[in-house]
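J.: Take a look at final_2.csv, CSV, C-alpha atoms:
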```
chain,number,residue,atom,x,y,z
R,127,MET,CA,41.3,17.5,171.6
R,128,GLY,CA,44.2,16.1,173.5
R,129,SER,CA,43.5,12.5,172.4
R,130,MET,CA,43.6,13.5,168.8
R,131,VAL,CA,47.3,14.7,169.0
R,132,LEU,CA,49.3,11.8,167.6
R,133,SER,CA,53.0,11.0,168.1
R,134,PHE,CA,55.3,11.2,165.1
R,135,SER,CA,55.3,7.5,164.7
R,136,GLU,CA,51.5,7.3,164.9
R,137,ALA,CA,50.9,10.2,162.5
R,138,PHE,CA,53.3,9.0,159.9
R,139,SER,CA,53.4,5.7,158.2
R,140,GLU,CA,56.6,3.6,157.8
R,141,ILE,CA,59.1,4.7,155.2
R,142,THR,CA,57.5,3.6,151.9
R,143,SER,CA,60.5,3.4,149.7
R,144,LYS,CA,64.2,2.8,150.2
R,145,GLY,CA,66.1,6.1,150.7
R,146,ASN,CA,63.0,8.1,151.7
R,147,GLN,CA,64.1,9.8,154.9
R,148,PHE,CA,60.7,11.1,156.0
R,149,GLY,CA,58.0,8.8,155.0
R,150,LEU,CA,54.4,9.9,154.0
R,151,PRO,CA,51.6,11.2,156.3
R,152,ARG,CA,48.8,8.7,156.7
R,153,ILE,CA,46.3,11.6,156.4
R,154,THR,CA,46.0,12.9,152.9
R,155,LEU,CA,44.5,16.1,151.5
R,156,ARG,CA,41.8,14.0,149.9
R,157,HIS,CA,40.8,12.8,153.4
R,158,LEU,CA,40.5,16.4,154.6
R,159,VAL,CA,38.6,17.6,151.6
R,160,TYR,CA,36.0,14.8,151.7
R,161,PHE,CA,35.7,15.2,155.5
R,162,ALA,CA,35.2,19.0,155.2
R,163,ALA,CA,32.5,18.5,152.5
R,164,ALA,CA,30.7,16.0,154.7
R,165,ALA,CA,30.8,18.5,157.6
R,166,ARG,CA,29.6,21.4,155.5
R,167,ASN,CA,26.7,19.5,154.0
R,168,GLU,CA,25.9,17.4,157.1
R,169,SER,CA,25.4,14.5,154.7
R,170,VAL,CA,27.5,11.9,152.8
R,171,LEU,CA,25.2,12.0,149.8
R,172,ARG,CA,25.2,15.8,149.5
R,173,ALA,CA,29.0,15.9,150.0
R,174,ALA,CA,29.4,13.3,147.2
R,175,ALA,CA,27.2,15.2,144.9
R,176,GLU,CA,29.1,18.5,145.6
R,177,LEU,CA,32.5,16.9,144.8
R,178,ASN,CA,31.2,14.6,142.0
R,179,VAL,CA,32.4,11.5,143.7
R,180,SER,CA,30.7,8.3,145.0
R,181,PRO,CA,29.2,8.3,148.5
R,182,PRO,CA,31.4,5.3,149.4
R,183,ALA,CA,34.4,7.5,148.7
R,184,ILE,CA,33.2,10.1,151.3
R,185,SER,CA,32.3,7.4,153.8
R,186,GLY,CA,35.7,5.7,153.3
R,187,ALA,CA,37.6,8.9,153.9
R,188,ILE,CA,35.7,9.6,157.1
R,189,SER,CA,36.3,6.0,158.3
R,190,GLY,CA,39.9,6.3,157.4
R,191,LEU,CA,40.3,9.5,159.4
R,192,GLU,CA,38.5,8.0,162.4
R,193,SER,CA,40.8,5.0,162.3
R,194,ILE,CA,44.0,7.0,162.0
R,195,LEU,CA,43.0,9.5,164.8
R,196,GLY,CA,41.2,7.0,167.0
R,197,GLU,CA,38.3,9.4,167.4
R,198,ARG,CA,34.7,9.4,166.3
R,199,LEU,CA,34.3,12.5,164.1
R,200,PHE,CA,30.5,12.4,163.4
R,201,VAL,CA,27.4,11.2,165.1
R,202,ARG,CA,25.0,9.7,162.5
R,203,ARG,CA,21.5,10.9,163.2
R,204,HIS,CA,18.6,10.1,160.9
R,205,ALA,CA,16.8,13.4,161.3
R,206,ARG,CA,19.8,15.7,161.2
R,207,GLY,CA,22.2,13.7,159.1
R,208,LEU,CA,25.9,14.0,160.2
R,209,VAL,CA,26.6,15.9,163.3
R,210,LEU,CA,30.2,16.8,164.3
R,211,THR,CA,31.5,15.5,167.6
R,212,ASP,CA,33.9,17.7,169.6
R,213,ALA,CA,36.8,16.0,168.0
R,214,GLY,CA,35.2,16.6,164.6
R,215,HIS,CA,34.9,20.3,165.3
R,216,HIS,CA,38.6,20.6,166.2
R,217,LEU,CA,39.6,18.6,163.1
R,218,LEU,CA,37.3,20.8,160.9
R,219,LEU,CA,39.1,23.9,162.0
R,220,GLU,CA,42.5,22.4,161.1
R,221,ALA,CA,41.2,20.8,157.8
R,222,ARG,CA,39.7,24.1,156.5
R,223,ASP,CA,43.0,25.9,157.4
R,224,ILE,CA,45.1,23.3,155.5
R,225,ILE,CA,42.8,23.2,152.5
R,226,GLY,CA,42.7,27.0,152.3
R,227,GLN,CA,46.5,27.2,152.3
R,228,VAL,CA,46.7,24.6,149.5
R,229,TRP,CA,44.2,26.6,147.5
R,230,GLU,CA,46.3,29.7,148.1
R,231,ILE,CA,49.5,28.0,146.9
R,232,GLU,CA,47.7,26.8,143.7
R,233,SER,CA,46.2,30.3,143.1
R,234,ILE,CA,49.6,31.9,143.3
R,235,ARG,CA,51.5,29.3,141.2
R,236,SER,CA,48.9,28.4,138.6
R,237,LYS,CA,48.5,30.5,135.4
R,238,ALA,CA,44.8,29.8,135.6
R,239,TRP,CA,44.5,30.9,139.2
R,240,ARG,CA,41.4,33.0,138.5
R,241,LYS,CA,39.5,29.9,137.6
R,242,LEU,CA,40.2,28.3,140.9
R,243,ARG,CA,37.5,28.4,143.6
R,244,SER,CA,37.9,28.9,147.3
R,245,ARG,CA,35.2,29.6,149.9
R,246,ILE,CA,34.6,32.1,152.8
R,247,ALA,CA,31.8,31.7,155.2
R,248,PHE,CA,31.2,34.6,157.6
R,249,GLY,CA,28.6,35.9,160.0
R,250,CYS,CA,27.4,39.4,160.9
R,251,LEU,CA,25.4,40.9,163.7
R,252,GLY,CA,21.8,41.2,162.4
R,253,ASP,CA,21.5,45.0,163.0
R,254,ILE,CA,24.7,45.7,161.2
R,255,ALA,CA,24.2,43.3,158.3
R,256,PRO,CA,21.9,45.5,156.1
R,257,SER,CA,24.5,48.2,156.1
R,258,LEU,CA,27.7,46.1,155.8
R,259,VAL,CA,26.9,42.8,154.0
R,260,PRO,CA,25.5,44.0,150.6
R,261,PRO,CA,28.3,46.5,149.7
R,262,LEU,CA,30.9,44.1,151.1
R,263,LEU,CA,29.7,41.2,148.9
R,264,ARG,CA,29.5,43.5,145.8
R,265,LYS,CA,33.0,44.9,146.3
R,266,PHE,CA,34.8,41.7,147.3
R,267,GLN,CA,33.3,39.6,144.5
R,268,SER,CA,34.3,42.2,141.9
R,269,LEU,CA,37.9,41.8,143.1
R,270,HIS,CA,37.8,38.0,143.7
R,271,PRO,CA,35.1,36.4,141.4
R,272,HIS,CA,36.6,33.0,141.9
R,273,VAL,CA,35.8,33.0,145.7
R,274,GLU,CA,32.5,31.6,146.9
R,275,VAL,CA,31.1,33.7,149.8
R,276,ALA,CA,28.4,32.4,152.2
R,277,TRP,CA,27.0,34.5,155.0
R,278,GLN,CA,24.5,34.5,157.8
R,279,ALA,CA,23.2,37.2,160.2
R,280,ASP,CA,22.5,36.5,163.9
R,281,SER,CA,23.2,37.7,167.4
R,282,HIS,CA,26.5,37.7,169.2
R,283,GLY,CA,26.2,34.3,171.0
R,284,PRO,CA,25.1,32.1,168.1
R,285,LEU,CA,27.7,33.7,165.7
R,286,MET,CA,30.5,33.1,168.3
R,287,GLN,CA,29.4,29.5,168.7
R,288,ARG,CA,29.4,28.8,165.0
R,289,LEU,CA,32.9,30.4,164.7
R,290,GLU,CA,34.2,28.2,167.4
R,291,ASP,CA,32.5,25.1,165.9
R,292,GLY,CA,34.3,25.8,162.6
R,293,ILE,CA,31.1,26.5,160.6
R,294,LEU,CA,32.1,30.1,160.0
R,295,ASP,CA,35.6,31.4,159.1
R,296,MET,CA,35.1,34.8,160.6
R,297,ILE,CA,32.4,37.0,162.2
R,298,PHE,CA,31.7,40.7,162.4
R,299,VAL,CA,30.6,41.6,165.9
R,300,MET,CA,31.1,44.2,168.6
R,301,ASP,CA,34.2,43.7,170.7
R,302,PHE,CA,32.3,42.7,173.8
R,303,GLU,CA,33.9,39.8,175.7
R,304,ILE,CA,36.0,38.3,172.9
R,305,SER,CA,37.9,35.2,174.0
R,306,PRO,CA,41.7,35.5,174.1
R,307,THR,CA,41.8,32.3,171.9
R,308,LEU,CA,40.3,34.4,169.1
R,309,HIS,CA,42.0,37.1,167.0
R,310,SER,CA,40.2,40.5,166.5
R,311,THR,CA,40.8,43.1,163.8
R,312,VAL,CA,39.2,46.5,164.4
R,313,LEU,CA,37.1,47.5,161.4
R,314,GLN,CA,35.7,50.8,162.9
R,315,PRO,CA,35.3,52.5,166.2
R,316,THR,CA,31.6,52.7,167.3
R,317,PRO,CA,31.1,55.5,169.8
R,318,VAL,CA,28.0,55.5,171.9
R,319,GLN,CA,25.4,58.1,171.1
R,320,VAL,CA,22.2,59.3,172.7
R,321,VAL,CA,19.1,59.0,170.5
R,322,VAL,CA,16.3,61.4,171.1
R,323,PRO,CA,13.2,62.5,169.2
R,324,ASN,CA,13.6,65.6,166.9
R,325,GLY,CA,13.1,68.8,168.9
R,326,HIS,CA,14.0,67.3,172.3
R,327,PRO,CA,14.7,70.1,174.7
R,328,LEU,CA,18.1,68.7,175.8
R,329,ALA,CA,19.3,68.3,172.2
R,330,LYS,CA,22.7,69.9,171.6
R,331,ASP,CA,26.0,68.9,170.1
R,332,THR,CA,27.2,67.1,173.3
R,333,VAL,CA,25.2,66.0,176.3
R,334,ALA,CA,25.7,64.5,179.7
R,335,LEU,CA,24.1,61.2,180.5
R,336,LYS,CA,23.0,62.4,184.0
R,337,ASP,CA,20.8,65.0,182.4
R,338,PHE,CA,18.6,62.1,181.0
R,339,ALA,CA,18.5,60.1,184.3
R,340,GLU,CA,14.8,60.8,185.0
R,341,GLU,CA,13.6,60.4,181.4
R,342,PRO,CA,12.1,57.1,180.1
R,343,PHE,CA,14.9,54.9,178.7
R,344,ILE,CA,14.4,52.5,175.8
R,345,LEU,CA,16.9,49.6,176.3
R,346,LEU,CA,18.3,47.7,173.3
R,347,ASP,CA,17.7,44.3,174.9
R,348,VAL,CA,20.4,42.3,173.0
R,349,ALA,CA,22.9,40.1,174.8
R,350,LYS,CA,26.3,41.8,175.3
R,351,THR,CA,25.1,45.1,173.9
R,352,ARG,CA,22.5,45.3,176.7
R,353,ASP,CA,25.2,44.7,179.4
R,354,TYR,CA,27.5,47.2,177.8
R,355,PHE,CA,24.9,50.0,177.8
R,356,LEU,CA,23.9,49.3,181.4
R,357,SER,CA,27.5,49.3,182.5
R,358,ILE,CA,27.9,52.9,181.1
R,359,PHE,CA,25.2,54.0,183.5
R,360,GLY,CA,26.8,52.1,186.3
R,361,ASP,CA,30.2,53.7,185.7
R,362,PHE,CA,28.6,57.1,186.5
R,363,GLY,CA,26.6,55.8,189.5
R,364,LEU,CA,23.4,56.2,187.5
R,365,GLN,CA,20.3,54.0,187.3
R,366,PRO,CA,18.4,54.3,184.0
R,367,ASN,CA,14.6,54.7,184.1
R,368,ILE,CA,13.9,51.7,181.8
R,369,ALA,CA,10.5,52.3,180.3
R,370,THR,CA,10.6,49.5,177.7
R,371,ARG,CA,13.0,47.0,176.0
R,372,ALA,CA,13.4,46.5,172.3
R,373,PRO,CA,14.8,43.5,170.5
R,374,SER,CA,16.5,45.4,167.7
R,375,ALA,CA,18.0,48.8,166.9
R,376,GLU,CA,15.3,49.4,164.3
R,377,MET,CA,12.6,49.0,167.0
R,378,VAL,CA,14.6,51.3,169.3
R,379,ARG,CA,14.7,54.0,166.7
R,380,SER,CA,11.0,53.7,166.0
R,381,LEU,CA,10.1,53.9,169.7
R,382,VAL,CA,12.3,57.0,170.1
R,383,ALA,CA,10.8,58.6,167.0
R,384,ASN,CA,7.3,58.1,168.4
R,385,GLY,CA,8.1,59.7,171.7
R,386,PHE,CA,8.4,56.8,174.0
R,387,GLY,CA,11.8,57.9,175.4
R,388,TYR,CA,15.5,58.2,174.6
R,389,SER,CA,18.0,55.5,174.1
R,390,LEU,CA,21.7,54.7,173.5
R,391,LEU,CA,23.1,53.2,170.3
R,392,ASN,CA,26.6,52.7,169.0
R,393,PHE,CA,25.4,52.6,165.4
R,394,CYS,CA,23.4,55.3,163.7
R,395,SER,CA,21.1,54.8,160.7
R,396,ALA,CA,21.1,56.8,157.6
R,397,GLU,CA,17.3,56.7,157.8
R,398,ARG,CA,16.6,59.5,160.4
R,399,HIS,CA,12.8,59.6,160.7
R,400,ASN,CA,12.1,62.1,163.5
R,401,ILE,CA,15.2,61.2,165.5
R,402,THR,CA,18.5,63.0,166.4
R,403,TYR,CA,21.8,61.5,167.4
R,404,LEU,CA,23.8,63.3,170.2
R,405,SER,CA,27.4,62.8,171.2
R,406,LEU,CA,28.1,62.0,174.9
R,407,GLU,CA,30.5,64.4,176.6
R,408,ASP,CA,31.1,61.7,179.3
R,409,PRO,CA,34.2,59.6,178.8
R,410,VAL,CA,32.9,56.0,178.3
R,411,ARG,CA,34.5,52.7,177.6
R,412,PRO,CA,35.0,52.6,173.8
R,413,SER,CA,33.4,50.0,171.6
R,414,ASN,CA,34.5,48.8,168.2
R,415,LEU,CA,33.1,46.8,165.3
R,416,VAL,CA,35.6,43.9,164.8
R,417,ALA,CA,36.3,41.0,162.6
R,418,VAL,CA,37.0,37.9,164.7
R,419,ARG,CA,38.8,34.8,163.5
R,420,PRO,CA,40.3,31.8,165.2
R,421,TYR,CA,44.1,32.0,165.6
R,422,ARG,CA,45.8,30.2,162.8
R,423,ARG,CA,49.4,29.2,162.1
R,424,ARG,CA,49.1,31.6,159.1
R,425,PRO,CA,46.0,33.5,158.0
R,426,SER,CA,45.1,33.0,154.4
R,427,LYS,CA,45.6,35.9,152.0
R,428,ILE,CA,41.9,35.6,150.8
R,429,SER,CA,40.6,36.1,154.4
R,430,ASP,CA,43.0,39.0,154.9
R,431,ASP,CA,41.8,40.6,151.7
R,432,PHE,CA,38.1,40.0,152.8
R,433,ILE,CA,38.7,41.8,156.1
R,434,GLU,CA,40.5,44.6,154.4
R,435,VAL,CA,37.5,45.2,152.1
R,436,ALA,CA,35.2,45.0,155.1
R,437,ALA,CA,37.2,47.6,156.9
R,438,THR,CA,37.0,49.9,153.9
R,439,ILE,CA,33.3,49.5,153.6
R,440,ALA,CA,32.8,50.2,157.4
R,441,ARG,CA,34.9,53.3,157.3
R,442,ASN,CA,33.3,54.8,154.2
R,443,SER,CA,29.7,53.8,154.7
R,444,ILE,CA,27.2,54.8,157.4
R,445,LEU,CA,29.3,52.8,159.8
R,446,SER,CA,31.5,55.8,160.2
R,447,GLY,CA,31.1,56.5,163.9
R,448,GLN,CA,30.0,60.1,163.1
R,449,ARG,CA,26.6,61.7,163.8
R,450,SER,CA,25.8,61.2,160.2
R,451,GLY,CA,25.7,57.5,160.5
R,452,PHE,CA,25.0,54.3,162.8
R,453,SER,CA,22.6,51.1,163.9
R,454,ASP,CA,23.2,48.3,166.5
```
Just dump the structure as structure tokens.
T.:
Amino acid sequence: MGSMVLSFSEAFSEITSKGNQFGLPRITLRHLVYFAAAARNESVLRAAAELNVSPPAISGAISGLESILGERLFVRRHARGLVLTDAGHHLLLEARDIIGQVWEIESIRSKAWRKLRSRIAFGCLGDIAPSLVPPLLRKFQSLHPHVEVAWQADSHGPLMQRLEDGILDMIFVMDFEISPTLHSTVLQPTPVQVVVPNGHPLAKDTVALKDFAEEPFILLDVAKTRDYFLSIFGDFGLQPNIATRAPSAEMVRSLVANGFGYSLLNFCSAERHNITYLSLEDPVRPSNLVAVRPYRRRPSKISDDFIEVAATIARNSILSGQRSGFSD
């Protein structure tokens, strides 16, 4: 986004009145609000309807920003509507940050702060979402009824891309290969456990991975998680006997319950149909469920509160890291 960084003289207009020492910024909050609405809706018409303004007002704000910054912010495509350019993605991150801080100032200072609305958009790993998202939404919205919360569930890669594109404010994922440009908050440790059918002859409180080396292994074939589990075998010089691959933890648990082999998971499920979770006695690289956000000049209080509630839910629900609870 180097070309979008303006000099002081470019970013600020000439002094508009005698005695004004600083002048006024050419970019206004209205510019940013209209731009963010257009990006969120991928449409000038939908953004105008959402904000109850005319479509030309939205178009004018976008054109004004493009003129000031000297960058094209959207590609107009008939089938997909407005599509952010790289410069647009960068600006959206900054715009949402600024708008959020203004909302926070108003919510603190205004007597009617509970009537103000702000918005959080987050993503969650699909296998974790059923256990985390519903109680999180219920608890957070009881504490902050004025905040609009949007969410989506997906795998690690797409969630990370949407976070970097500015579509999501935060994501809940495993701490596998998190970019140093992102900020992570640990919600809950997620120790790896061996999953076996009930009555398995090797079942005991703690087990060694080498004891299962010859048995058929069911691999959770999900990006990042797959690599993590395979690396555990590699750290001990072991080669798993992969019998089948499963696209979800739910399928892994079903295959194990039906006698197709054993597996590794770092989340357990409260639904234990004919399966047992065993702790590994081997020291393995730890994994954690984390909340990931882009670095900001100052995180908003609302997003901090949201992550605090998520951490509480993770600690007190089946996402406890104990044998009584986990799914990946």
J.: If I take CA of Arg222 in chain R and CA of Asp295 in chain R, how far is one from the other in Å, to one decimal?
T.: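 Between CA of Arg222 in chain R and CA of Asp295 in chain R the gap works out to 8.8 Å.
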J.: Which of these, R:Phe200, R:Phe393, R:Phe298, R:Phe362, has the shortest distance to Ala279 in chain R once you count all atoms listed in the file?
T.: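 Using all atoms listed in the file, the shortest distance to Ala279 in chain R belongs to R:Phe298.
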J.: What's the 8 Å shell around Ala221 in chain R, counting all atoms listed in the file, without same-chain residues fewer than 6 positions away, as a list in words?
T.: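 Skipping anything fewer than 6 positions along the chain leaves Leu158, Val159 and Ala162 of chain R.
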J.: Within 8 Å of range 373-387 of chain R, counting only C-alpha atoms, which residues qualify if same-chain residues fewer than 6 places away don't, as an mmCIF file with C-alpha atoms, in the coordinates of the input?
T.:
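Written file, result.cif:
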```
data_model
loop_
_atom_site.group_PDB
_atom_site.id
_atom_site.type_symbol
_atom_site.label_atom_id
_atom_site.label_comp_id
_atom_site.auth_asym_id
_atom_site.auth_seq_id
_atom_site.Cartn_x
_atom_site.Cartn_y
_atom_site.Cartn_z
ATOM 1 C CA ASP R 253 21.500 45.000 163.000
ATOM 2 C CA VAL R 321 19.100 59.000 170.500
ATOM 3 C CA VAL R 322 16.300 61.400 171.100
ATOM 4 C CA PRO R 323 13.200 62.500 169.200
ATOM 5 C CA ASN R 324 13.600 65.600 166.900
ATOM 6 C CA GLU R 341 13.600 60.400 181.400
ATOM 7 C CA PRO R 342 12.100 57.100 180.100
ATOM 8 C CA PHE R 343 14.900 54.900 178.700
ATOM 9 C CA ILE R 344 14.400 52.500 175.800
ATOM 10 C CA LEU R 345 16.900 49.600 176.300
ATOM 11 C CA LEU R 346 18.300 47.700 173.300
ATOM 12 C CA ASP R 347 17.700 44.300 174.900
ATOM 13 C CA VAL R 348 20.400 42.300 173.000
ATOM 14 C CA HIS R 399 12.800 59.600 160.700
ATOM 15 C CA ASN R 400 12.100 62.100 163.500
ATOM 16 C CA ILE R 401 15.200 61.200 165.500
ATOM 17 C CA SER R 453 22.600 51.100 163.900
ATOM 18 C CA ASP R 454 23.200 48.300 166.500
#
```
J.: Given the choices R:Met296, R:Ala276, R:Cys394, R:Ile231, which gets closest to Asp430 in chain R if the distance is worked out from only C-alpha atoms?
T.: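 Going through R:Met296, R:Ala276, R:Cys394, R:Ile231 one by one, the smallest distance to Asp430 in chain R is for R:Met296.
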J.: When you count all atoms listed in the file, which of these residues is closest to Ala213 in chain R: R:Gly190, R:Gly292, R:Gly363, R:Pro284?
T.: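 The closest residue to Ala213 in chain R is R:Gly292.
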J.: Find the distance between CA of Leu356 in chain R and CA of Lys336 in chain R and write it in Å to one decimal.
T.: 13.4 Å
J.: Smallest atom-to-atom distance to Asp361 in chain R: which of R:Val410, R:Leu208, R:Val179, R:Leu390, using only C-alpha atoms?
T.: R:Val410
J.: Can you tell me which residues surround Arg203 in chain R at a distance of at most 12 Å, considering all atoms listed in the file, apart from same-chain residues fewer than 5 positions away, and format the answer as a ChimeraX atom specification?
T.: /R:168-169,208-211
J.: May I ask for the distance between CA of Leu313 in chain R and CA of Ile433 in chain R, given in Å to one decimal place?
T.: 7.9 Å
J.: I need the residue nearest Lys330 in chain R from this list: R:Glu197, R:Asp212, R:Glu303, R:Glu407. Use all atoms listed in the file for the distance.
T.: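 That would be R:Glu407, the residue with the smallest distance to Lys330 in chain R.
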J.: Looking at R:Arg202, R:Lys265, R:Arg245, R:Arg166, which one is nearest to Ile439 in chain R, with distances taken over only C-alpha atoms?
T.: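 With only C-alpha atoms as the atom set, the closest residue is R:Lys265.
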